[in-house]
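Structure first, then comments.
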Amino acid sequence: LWAYIHGPSPYWNWVHWPDRPGLYKGTEPHGALLQTFINKTARRGVYGMKGEVDTGGIIVKENYMPGSSLAAVTVMYKVKGYNSGAGDWFWVKYGADGKVLKSGKPAGCIGCHGAKKMNDYIMTSPIQ
């Protein structure tokens with residue numbers, strides 16, 4: 001996934017989250033400042049206010065510490081049949097260097113994002 005989001009169409013060239021065009025104030029556990037990008041598939045669900053993201057949707061969040069140093073890159077990737085109990089999302093947290101810190105079905109990710117189950121497990125803002 002890291003290679004894909006850094007490939008020929010790197011995530012920083014994707015569109016930003018609709019009401020978050022650049023850095024915005026974050027909350028734990030993600031960081032003091034955040035920047036969120038979505039691929040074309042996720043864009044249809046988010047910008048279209050469909051209430052859910054289609055299979056293949058990817059949300060990439062850059063997580064910055066105070067002082068604007070990149071601490072981590074967190075990704076949600078919608079995979080059909082992967083995890084029906086949590087919206088079919090695959091979660092991964094990378095260090096700034098690309099090292100995988102957590103991936104798959106981390107209990108912490110699912111537990112927190114589960115509070116927004118009716119928003120397709122997305123915390124950033126409503127998509128319906």
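Chain lettering (A, B, ...) mirrors the order of the structure tokens, residue numbering begins at 1 for each chain separately, and ligand numbering begins at 1 in order of display.
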
Just asking: which residues within segment 70-104 of chain A are strand (DSSP E or B) according to DSSP, as a PyMOL selection string?
chain A and resi 70-78+89-95+100-104

So that I can see what lies close to Asp88 of chain A, please list as number ranges by chain the residues with an atom at most 10 Å from it, counting only C-alpha atoms and leaving out residues fewer than 4 positions away in the same chain.
A: 55, 76-84, 105, 120-121

Resulting file, chosen residues, C-alpha atoms, as a tab-separated table (two decimals), in the first residue's frame:
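Generated output (part17.tsv):
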chain	number	residue	atom	x	y	z
A	55	THR	CA	-14.62	-0.43	-2.41
A	76	MET	CA	-7.85	3.67	5.53
A	77	TYR	CA	-8.35	1.43	2.49
A	78	LYS	CA	-11.80	-0.03	1.71
A	79	VAL	CA	-11.44	-3.70	0.69
A	80	LYS	CA	-14.60	-5.69	-0.16
A	81	GLY	CA	-15.05	-8.56	2.26
A	82	TYR	CA	-11.97	-7.69	4.32
A	83	ASN	CA	-13.63	-6.82	7.61
A	84	SER	CA	-17.41	-6.69	7.43
A	105	LYS	CA	-7.59	-4.59	11.95
A	120	ASP	CA	-18.68	4.70	7.41
A	121	TYR	CA	-16.17	4.79	10.29

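Closest approach to Ala107 of chain A from the set A:Gly56, A:Gly85, A:Pro10, A:Gly26 is made by A:Gly85, with distances taken over only C-alpha atoms.
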
From a DSSP pass on the backbone, collect the residues of segment 84-115 of chain A flagged as helix (DSSP H, G or I) and hand them back as a list in words.
Ser84, Gly85, Ala86, Ala107, Gly108, Cys109, Ile110, Gly111, Cys112, His113, Gly114 and Ala115 of chain A

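Closest approach to Glu52 of chain A from the set A:Trp2, A:Trp89, A:Phe37, A:Trp12 is made by A:Trp89, with distances taken over only C-alpha atoms.
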
By how many Å are atom CA of Ala72 of chain A and atom CA of Trp14 of chain A apart?
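Those two atoms sit 18.1 Å apart.
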
Skip Gly104 of chain A itself and residues of its chain fewer than 3 positions away, then list as an mmCIF file with N, CA, C and O atoms, in the first residue's frame all residues within 8 Å of it, counting only C-alpha atoms.
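New file selection08.cif:
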data_model
loop_
_atom_site.group_PDB
_atom_site.id
_atom_site.type_symbol
_atom_site.label_atom_id
_atom_site.label_comp_id
_atom_site.auth_asym_id
_atom_site.auth_seq_id
_atom_site.Cartn_x
_atom_site.Cartn_y
_atom_site.Cartn_z
ATOM 1 N N PHE A 90 -9.388 -1.550 5.867
ATOM 2 C CA PHE A 90 -8.045 -1.997 6.245
ATOM 3 C C PHE A 90 -7.340 -0.746 6.733
ATOM 4 O O PHE A 90 -7.306 0.266 6.032
ATOM 5 N N TRP A 91 -6.808 -0.790 7.950
ATOM 6 C CA TRP A 91 -6.111 0.363 8.514
ATOM 7 C C TRP A 91 -4.623 0.097 8.530
ATOM 8 O O TRP A 91 -4.176 -1.032 8.754
ATOM 9 N N VAL A 92 -3.853 1.160 8.322
ATOM 10 C CA VAL A 92 -2.400 1.045 8.470
ATOM 11 C C VAL A 92 -1.854 2.377 8.966
ATOM 12 O O VAL A 92 -2.334 3.445 8.576
#

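Atom pair atom CA of Glu28 of chain A / atom CA of Val73 of chain A: separated by 13.7 Å.
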
Expressed in Å to a single decimal, how great is the separation between atom CA of Gly95 of chain A and atom CA of Thr27 of chain A?
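If I compute the distance from atom CA of Gly95 of chain A to atom CA of Thr27 of chain A, I get 17.4 Å.
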